[in-house]
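Undergrad: My structure is stored as protein-v1.txt, with compact mmCIF, C-alpha atoms and all ligand atoms.
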```txt
# COMPACT_ATOMS: atom_id res chain seq x y z
CA MET A 2 -3.94 -2.50 10.10
CA ASP A 3 -4.14 -0.84 6.66
CA ILE A 4 -5.47 -2.44 3.49
CA ALA A 5 -2.00 -3.39 2.21
CA GLU A 6 -1.21 -5.22 5.46
CA ARG A 7 -4.53 -7.08 5.24
CA ILE A 8 -3.66 -8.26 1.73
CA GLU A 9 -0.18 -9.26 2.92
CA ARG A 10 -1.73 -11.55 5.56
CA SER A 11 -4.55 -12.95 3.46
CA PRO A 12 -4.06 -16.66 2.60
CA ALA A 13 -7.21 -16.50 0.44
CA LEU A 14 -5.02 -15.36 -2.49
CA ASP A 15 -2.57 -18.24 -2.19
CA GLY A 16 -4.21 -20.57 -4.73
CA VAL A 17 -3.96 -17.98 -7.51
CA VAL A 18 -0.51 -16.87 -6.36
CA ARG A 19 0.81 -20.45 -6.48
CA SER A 20 -0.54 -21.31 -9.95
CA LEU A 21 0.46 -17.98 -11.51
CA SER A 22 3.92 -18.04 -9.97
CA GLU A 23 4.53 -21.63 -11.15
CA GLY A 24 3.39 -20.63 -14.63
CA VAL A 25 5.80 -17.65 -14.72
CA VAL A 26 8.72 -19.77 -13.46
CA ARG A 27 7.98 -22.41 -16.15
CA ALA A 28 7.71 -19.78 -18.89
CA LEU A 29 10.83 -17.94 -17.75
CA PRO A 30 13.67 -20.36 -16.95
CA ALA A 31 16.90 -18.96 -15.49
CA GLY A 32 19.10 -17.48 -18.21
CA PRO A 33 19.83 -14.30 -20.15
CA ARG A 34 16.14 -13.54 -20.84
CA ALA A 35 15.20 -13.77 -17.15
CA ASP A 36 18.32 -11.76 -16.20
CA ALA A 37 17.36 -8.99 -18.65
CA LEU A 38 13.82 -8.81 -17.25
CA HIS A 39 15.12 -8.65 -13.67
CA GLY A 40 17.52 -5.84 -14.68
CA VAL A 41 20.82 -7.68 -14.03
CA PRO A 42 22.63 -5.94 -16.96
CA PHE A 43 21.67 -2.53 -15.48
CA GLY A 44 22.52 -3.34 -11.85
CA GLN A 45 19.00 -2.21 -10.84
CA PRO A 46 15.53 -3.78 -11.03
CA ALA A 47 14.07 -2.82 -14.44
CA HIS A 48 10.40 -2.74 -13.40
CA PRO A 49 10.37 0.51 -11.33
CA ALA A 50 11.94 2.45 -14.22
CA LEU A 51 9.69 0.96 -16.93
CA VAL A 52 6.45 1.35 -15.00
CA ARG A 53 6.89 5.14 -15.04
CA LEU A 54 6.17 5.22 -18.79
CA PRO A 55 2.54 4.00 -18.76
CA LEU A 56 1.82 5.86 -15.51
CA GLY A 57 3.23 9.12 -16.90
CA CYS A 58 1.38 8.77 -20.22
CA TRP A 59 -1.95 7.92 -18.61
CA THR A 60 -1.71 10.65 -15.98
CA SER A 61 -0.89 13.21 -18.69
CA ALA A 62 -3.81 12.01 -20.85
CA ALA A 63 -6.24 12.33 -17.93
CA LEU A 64 -5.00 15.88 -17.26
CA LEU A 65 -5.33 16.86 -20.92
CA ASP A 66 -8.97 15.77 -20.77
CA LEU A 67 -9.59 18.81 -18.55
CA PHE A 68 -8.75 21.16 -21.43
CA PRO A 69 -10.56 21.66 -24.78
CA GLY A 70 -8.88 20.79 -28.08
CA THR A 71 -6.54 18.11 -26.66
CA GLU A 72 -8.40 15.03 -27.85
CA ARG A 73 -5.76 13.91 -30.38
CA ALA A 74 -2.88 14.36 -27.90
CA ALA A 75 -4.77 12.44 -25.19
CA GLN A 76 -5.39 9.53 -27.60
CA THR A 77 -1.70 9.38 -28.51
CA LEU A 78 -0.67 9.35 -24.85
CA ILE A 79 -3.18 6.61 -23.99
CA ALA A 80 -1.92 4.45 -26.87
CA ALA A 81 1.72 5.03 -25.81
CA GLY A 82 0.79 4.09 -22.22
CA ILE A 83 -0.83 0.84 -23.36
CA ALA A 84 2.19 -0.09 -25.50
CA SER A 85 4.69 0.69 -22.73
CA SER A 86 2.67 -1.30 -20.16
CA VAL A 87 3.72 -4.54 -21.92
CA PRO A 88 7.46 -4.46 -20.95
CA ALA A 89 6.54 -3.02 -17.55
CA THR A 90 4.24 -6.01 -16.94
CA ALA A 91 6.82 -8.53 -18.16
CA THR A 92 9.54 -7.19 -15.83
CA GLY A 93 7.10 -6.99 -12.93
CA LEU A 94 6.00 -10.61 -13.38
CA ALA A 95 9.61 -11.80 -13.51
CA ASP A 96 10.44 -10.03 -10.21
CA TRP A 97 7.17 -11.13 -8.59
CA SER A 98 7.81 -14.82 -9.32
CA ALA A 99 10.90 -14.74 -7.04
CA LEU A 100 9.35 -13.15 -3.94
CA HIS A 101 8.20 -14.50 -0.58
CA ARG A 102 4.57 -15.54 -0.35
CA HIS A 103 3.35 -12.51 1.69
CA GLN A 104 5.05 -10.21 -0.85
CA GLN A 105 3.46 -12.13 -3.72
CA ARG A 106 -0.02 -11.59 -2.25
CA VAL A 107 0.47 -7.81 -2.33
CA GLY A 108 2.15 -8.10 -5.74
CA LEU A 109 -0.82 -10.01 -7.13
CA VAL A 110 -3.28 -7.24 -6.21
CA HIS A 111 -0.77 -4.63 -7.44
CA ALA A 112 -0.62 -6.46 -10.81
CA ALA A 113 -4.42 -6.86 -10.94
CA SER A 114 -4.80 -3.08 -10.44
CA GLY A 115 -2.33 -2.48 -13.27
CA ALA A 116 -4.20 -4.91 -15.56
CA CYS A 117 -7.48 -3.20 -14.66
CA ALA A 118 -5.96 0.21 -15.51
CA ALA A 119 -4.66 -1.07 -18.88
CA THR A 120 -8.08 -2.53 -19.70
CA LEU A 121 -9.91 0.69 -18.81
CA PHE A 122 -7.50 2.84 -20.83
CA SER A 123 -7.85 0.44 -23.80
CA ALA A 124 -11.64 0.76 -23.56
CA SER A 125 -11.21 4.53 -23.30
CA LEU A 126 -9.13 4.59 -26.50
CA ILE A 127 -11.72 2.52 -28.38
CA ALA A 128 -14.52 4.79 -27.11
CA ARG A 129 -12.64 7.92 -28.25
CA LEU A 130 -11.83 6.46 -31.69
CA THR A 131 -15.47 5.50 -32.25
CA GLY A 132 -16.77 8.95 -31.35
CA PHE A 133 -17.77 8.39 -27.70
CA SER A 134 -15.47 11.03 -26.34
CA LYS A 135 -17.31 11.64 -23.07
CA ALA A 136 -17.38 7.92 -22.20
CA GLY A 137 -13.67 7.79 -23.10
CA LYS A 138 -12.89 10.49 -20.55
CA VAL A 139 -14.85 8.69 -17.82
CA LEU A 140 -13.03 5.43 -18.61
CA SER A 141 -9.66 7.27 -18.47
CA ALA A 142 -10.47 8.71 -15.04
CA SER A 143 -11.44 5.21 -13.81
CA GLY A 144 -8.22 3.78 -15.28
CA LEU A 145 -6.15 6.41 -13.48
CA THR A 146 -7.86 5.50 -10.20
CA ALA A 147 -6.98 1.82 -10.70
CA ALA A 148 -3.38 2.75 -11.59
CA THR A 149 -3.13 4.87 -8.42
CA VAL A 150 -4.29 1.94 -6.26
CA GLY A 151 -1.64 -0.19 -8.00
CA GLY A 152 0.99 2.48 -7.32
CA TYR A 153 0.10 2.56 -3.62
CA LEU A 154 0.49 -1.23 -3.37
CA GLY A 155 3.72 -1.08 -5.39
CA GLY A 156 5.09 1.44 -2.88
CA HIS A 157 4.15 -0.85 0.01
CA LEU A 158 5.81 -3.79 -1.73
CA ALA A 159 9.05 -1.93 -2.43
CA LEU A 160 9.40 0.30 0.64
CA ARG A 161 7.68 -1.60 3.46
CA LEU A 162 8.30 -5.18 2.31
CA GLY A 163 11.66 -4.50 0.69
CA ALA A 164 11.03 -6.10 -2.72
CA GLY A 165 13.75 -4.83 -5.05
CA ALA A 166 15.96 -3.37 -2.29
CA SER A 167 19.33 -4.94 -1.46
CA HIS A 168 19.10 -7.19 1.61
CA ALA A 169 22.84 -7.73 1.99
CA GLU A 170 24.48 -6.46 5.17
CA PRO A 171 25.76 -2.86 4.89
CA ILE A 172 29.33 -3.92 5.57
CA GLY A 173 30.78 -0.46 5.08
CA HIS A 174 28.82 0.70 8.14
CA LEU A 175 29.00 -2.44 10.30
CA ALA A 176 32.68 -3.34 9.91
CA GLY A 177 34.93 -1.05 11.95
CA LEU A 178 38.05 0.67 10.61
CA GLY A 179 41.20 -1.35 9.90
CA TRP A 180 41.91 -4.96 9.05
CA HIS A 181 39.97 -7.50 11.10
CA ASP A 182 41.14 -10.89 12.33
CA LEU A 183 38.64 -13.54 11.26
CA CYS A 184 40.11 -16.95 12.19
CA PRO A 185 43.18 -19.10 11.54
CA ILE A 186 43.17 -20.36 7.94
CA ASP A 187 43.57 -23.92 9.25
CA ASP A 188 40.12 -23.64 10.87
CA LEU A 189 38.49 -23.31 7.44
CA PRO A 190 37.53 -26.42 5.45
CA ASP A 191 39.00 -26.50 1.93
CA GLY A 192 36.48 -26.07 -0.90
CA ARG A 193 33.33 -25.93 1.28
CA PRO A 194 31.66 -22.62 2.18
CA VAL A 195 31.07 -21.88 5.86
CA ARG A 196 29.48 -19.05 7.82
CA ARG A 197 31.64 -17.01 10.14
CA GLN A 198 30.70 -14.06 12.34
CA LEU A 199 32.57 -10.75 12.44
CA GLY A 200 30.90 -8.61 15.10
CA TYR A 201 27.33 -8.09 13.82
CA LEU A 202 28.20 -9.36 10.35
CA SER A 203 27.43 -12.84 9.05
CA LEU A 204 29.97 -13.82 6.43
CA PHE A 205 30.16 -16.37 3.63
CA VAL A 206 33.72 -17.73 3.69
CA LEU A 207 35.22 -20.02 1.04
CA ARG A 208 38.77 -21.34 1.23
CA ARG A 209 40.52 -22.74 -1.84
CA GLY A 210 43.98 -23.90 -0.69
CA PRO A 211 45.87 -20.75 0.39
CA GLU A 212 43.18 -18.42 -1.03
CA VAL A 213 40.20 -17.20 1.01
CA SER A 214 37.17 -15.36 -0.42
CA VAL A 215 34.63 -13.61 1.79
CA LEU A 216 31.21 -12.13 0.99
CA ALA A 217 28.35 -10.85 3.13
CA ASP A 218 26.30 -13.97 3.90
CA HIS A 219 22.79 -12.55 3.47
CA CYS A 220 21.90 -12.61 -0.23
CA ALA A 221 21.30 -9.15 -1.74
CA HIS A 222 18.04 -10.38 -3.29
CA LEU A 223 16.00 -11.29 -0.19
CA GLY A 224 18.56 -12.22 2.46
CA GLY A 225 18.99 -15.96 1.76
CA PRO A 226 21.93 -17.72 3.52
CA LEU A 227 24.69 -17.91 0.90
CA HIS A 228 26.84 -20.28 2.98
CA GLN A 229 24.13 -22.92 2.39
CA GLY A 230 24.34 -22.35 -1.38
CA ARG A 231 26.07 -24.47 -4.01
CA VAL A 232 29.55 -23.46 -5.15
CA VAL A 233 30.25 -23.97 -8.85
CA SER A 234 33.60 -23.42 -10.55
CA ASP A 235 35.51 -23.60 -13.82
CA ALA A 236 37.01 -26.84 -12.58
CA ASP A 237 33.67 -28.72 -12.53
CA GLY A 238 32.58 -27.14 -15.83
CA ALA A 239 29.53 -25.47 -14.24
CA SER A 240 30.88 -21.93 -14.44
CA THR A 241 33.00 -19.82 -16.74
CA ASP A 242 33.21 -16.98 -14.21
CA GLY A 243 35.58 -18.51 -11.65
CA ASP A 244 34.13 -19.75 -8.36
CA CYS A 245 30.49 -18.73 -8.02
CA VAL A 246 27.93 -19.33 -5.29
CA ILE A 247 24.27 -20.02 -6.09
CA CYS A 248 21.82 -18.78 -3.47
CA PRO A 249 19.66 -21.66 -2.13
CA TRP A 250 16.46 -19.56 -2.13
CA HIS A 251 15.93 -18.24 -5.67
CA GLY A 252 19.16 -19.09 -7.49
CA SER A 253 20.94 -15.72 -7.68
CA THR A 254 24.55 -16.41 -8.63
CA PHE A 255 27.50 -14.31 -7.43
CA ARG A 256 31.24 -14.44 -8.21
CA VAL A 257 32.94 -15.22 -4.89
CA SER A 258 36.02 -13.16 -5.82
CA ASP A 259 34.19 -9.81 -5.87
CA GLY A 260 30.44 -10.44 -5.31
CA SER A 261 29.41 -9.38 -8.83
CA VAL A 262 26.08 -10.74 -10.10
CA VAL A 263 26.30 -13.51 -12.70
CA HIS A 264 22.57 -14.39 -12.70
CA GLY A 265 19.53 -12.81 -11.06
CA PRO A 266 16.99 -12.31 -9.63
CA ALA A 267 19.47 -10.28 -7.52
CA THR A 268 20.62 -7.14 -9.31
CA ALA A 269 22.82 -5.64 -6.56
CA ARG A 270 26.44 -6.77 -6.16
CA GLN A 271 27.02 -8.89 -3.04
CA PRO A 272 29.28 -6.93 -0.65
CA SER A 273 32.76 -8.45 -0.55
CA PHE A 274 35.97 -8.20 1.46
CA ARG A 275 39.67 -8.00 0.68
CA CYS A 276 41.50 -10.87 2.40
CA GLN A 277 45.08 -11.40 3.48
CA ILE A 278 46.81 -14.12 5.47
CA THR A 279 49.36 -13.07 8.09
CA GLU A 280 52.65 -14.90 8.68
CA THR A 281 51.02 -16.66 11.63
CA GLY A 282 48.21 -17.96 9.37
CA MET A 283 45.47 -15.58 10.55
CA VAL A 284 42.85 -14.62 7.93
CA GLN A 285 42.28 -10.87 7.93
CA LEU A 286 39.52 -8.91 6.20
CA GLN A 287 38.80 -5.42 5.02
CA PRO A 288 35.51 -4.33 3.36
CA ARG A 289 35.87 -3.44 -0.33
CA THR A 290 33.47 -0.54 0.09
CA LEU A 291 36.02 1.74 1.75
CA ASP A 292 37.02 4.79 -0.22
CA ARG A 293 40.54 4.91 -1.62
CA ARG A 294 41.88 7.44 0.89
CA ALA A 295 40.72 5.38 3.89
CA ARG A 296 42.29 2.25 2.38
CA ARG A 297 45.63 4.05 1.88
CA ARG A 298 45.54 5.27 5.52
CA ARG A 299 44.90 1.77 6.77
CA SER A 300 47.55 0.01 4.74
CA ALA A 301 50.09 2.67 5.80
CA SER A 302 49.29 2.16 9.47
CA ARG A 303 49.08 -1.69 9.36
CA PRO A 304 51.83 -3.24 7.18
CA ARG A 305 51.05 -6.91 6.46
CA SER A 306 52.61 -9.64 4.44
CA PRO A 307 50.65 -9.98 1.18
CA ARG A 308 49.01 -13.31 0.54
S1 LIG B 401 17.34 -14.67 -1.47
FE1 LIG B 401 16.50 -14.77 -3.47
S2 LIG B 401 18.17 -15.40 -4.66
FE2 LIG B 401 19.02 -15.22 -2.71
```
Just give me the structure as structure tokens.
TA:
Amino acid sequence: MDIAERIERSPALDGVVRSLSEGVVRALPAGPRADALHGVPFGQPAHPALVRLPLGCWTSAALLDLFPGTERAAQTLIAAGIASSVPATATGLADWSALHRHQQRVGLVHAASGACAATLFSASLIARLTGFSKAGKVLSASGLTAATVGGYLGGHLALRLGAGASHAEPIGHLAGLGWHDLCPIDDLPDGRPVRRQLGYLSLFVLRRGPEVSVLADHCAHLGGPLHQGRVVSDADGASTDGDCVICPWHGSTFRVSDGSVVHGPATARQPSFRCQITETGMVQLQPRTLDRRARRRRSASRPRSPR
């Protein structure tokens, strides 16, 4: 078991994780500010992009220290790295507060390494500005080591534990070609979401009178069961985006018509299906991810009555 896996399984961190995470959730209620920090307007988590700025600046500064006559440039890079670590930290904390506990343990040590790096580079800048250039270089090298440990844990968090990746089913690969029969429309309750299975796929299905909307059931954020979520609509005054479903785990909100993200922490669109009802009342589905040519081929080969 490597060090990252040990951290993942260590309940000793849970006290700190709980208090810090509650503090972040209190300070950052759901809304436009939280959505911006998660990266909802960009359709991608913002933290991985922003964290490159301090890492790039600090790595460059440490490399410049190997060459004579680069003191001024190294100072500028260190200062730029410290300034850019502020938004990187804010976005990271927002994402971290909506993770599972074992992910939060790794995230806590990842954040502590980043804080340690920022502190060491700040001390390095002060040392350089007060004439202790040699001490400044040693502090920079130590800061880069701390940042590298943080980067290793960040990689484990994102790539092994899947924080930031979409957890929705890859419907384009799992749903076969052509329209698929789901069930008779009369088998679906009106106005209440249910889960239905299509081969390997779990689906969130919502019927509103003669209309049926279908999304992948596993939430894109961390795989929560959307069919257990709350549906809000224009009619009850809780939404201005048409029918939306709120994930029961961390509150990501998706439009049921097309799976687009209304509120984070999810940033990836929830995969959705086109639906039609046949003359015999059978609900049929087709993934929206198909390319245009494949869709044309299918509709040419399977004429259906439009809903
Ligand atoms: S699993 Fe986190 S919001 Fe759905």
Undergrad: Would you list the residues that come within 7 Å of ligand LIG 401 (chain B)? Count all atoms listed in the file and give the answer as a PyMOL selection string.
TA: chain A and resi 99+220-225+248-253+266-267
Undergrad: What's around range 14-21 of chain A at 7 Å? Count all atoms listed in the file, leave out sequence neighbours fewer than 4 positions away in its own chain, and write the answer as an MDAnalysis selection string.
TA: chainID A and resid 25 105:106 109
Undergrad: May I have the residues within 10 Å of Ser61 in chain A as a VMD selection string, using only C-alpha atoms and disregarding those fewer than 2 positions away in the same chain?
TA: chain A and resid 55 to 59 63 to 66 74 to 75 78 to 79 82
Undergrad: Please identify all polymer residues within 12 Å of Gln45 in chain A, counting all atoms listed in the file, omitting same-chain residues fewer than 4 positions from it, and present them as a list in words.
TA: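 Near Gln45 in chain A, the qualifying residues are Asp36, Ala37, Leu38, His39, Gly40, Val41, Pro49, Ala50, Leu51, Thr92, Asp96, Gly165, Ala166, Ser167, Ala221, His222, Val262, Gly265, Pro266, Ala267, Thr268, Ala269 and Arg270 of chain A.
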Undergrad: Please indicate the distance in Å from CA of Arg10 in chain A to CA of Val150 in chain A, rounded to one decimal place.
TA: 18.1 Å
Undergrad: Grab the CA of Val206 in chain A to CA of Trp180 in chain A distance for me, in Å with one decimal place.
TA: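 Computing it gives 16.1 Å between the two atoms.
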Undergrad: How big is the axis-aligned box around all listed atoms of range 39-43 of chain A once 4 Å goes on each side, and where's its centre, in Å to one decimal, as lines of an AutoDock Vina configuration file?
TA:
```
center_x = 18.9
center_y = -5.6
center_z = -15.3
size_x = 15.5
size_y = 14.1
size_z = 11.3
```
Undergrad: Could you please determine the separation between CA of His101 in chain A and CA of Leu204 in chain A in Å, to one decimal place?
TA: 22.9 Å
Undergrad: Could you please give me, as a list in words, the residues of protein, DNA or RNA lying at most 8 Å from (36.8, -23.1, -7.7) in the coordinate frame of the file, considering only C-alpha atoms?
TA: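 Residues with an atom close enough to that point: Gly192, Arg209, Val232, Val233, Ser234, Asp235, Ala236, Gly243, Asp244 and Cys245 of chain A.
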Undergrad: Select from range 152-188 of chain A every residue with an atom at most 9 Å from any atom of range 271-275 of chain A, then for each give the shortest pair of atoms and their distance in Å to one decimal, using only C-alpha atoms, rows by chain and rising number, as a Markdown table.
TA:
```
| residue | atom | partner | partner_atom | distance |
| --- | --- | --- | --- | --- |
| A:Ser167 | CA | A:Gln271 | CA | 8.8 |
| A:Ala169 | CA | A:Gln271 | CA | 6.6 |
| A:Glu170 | CA | A:Pro272 | CA | 7.6 |
| A:Pro171 | CA | A:Pro272 | CA | 7.7 |
| A:Ile172 | CA | A:Pro272 | CA | 6.9 |
| A:Gly173 | CA | A:Pro272 | CA | 8.8 |
```
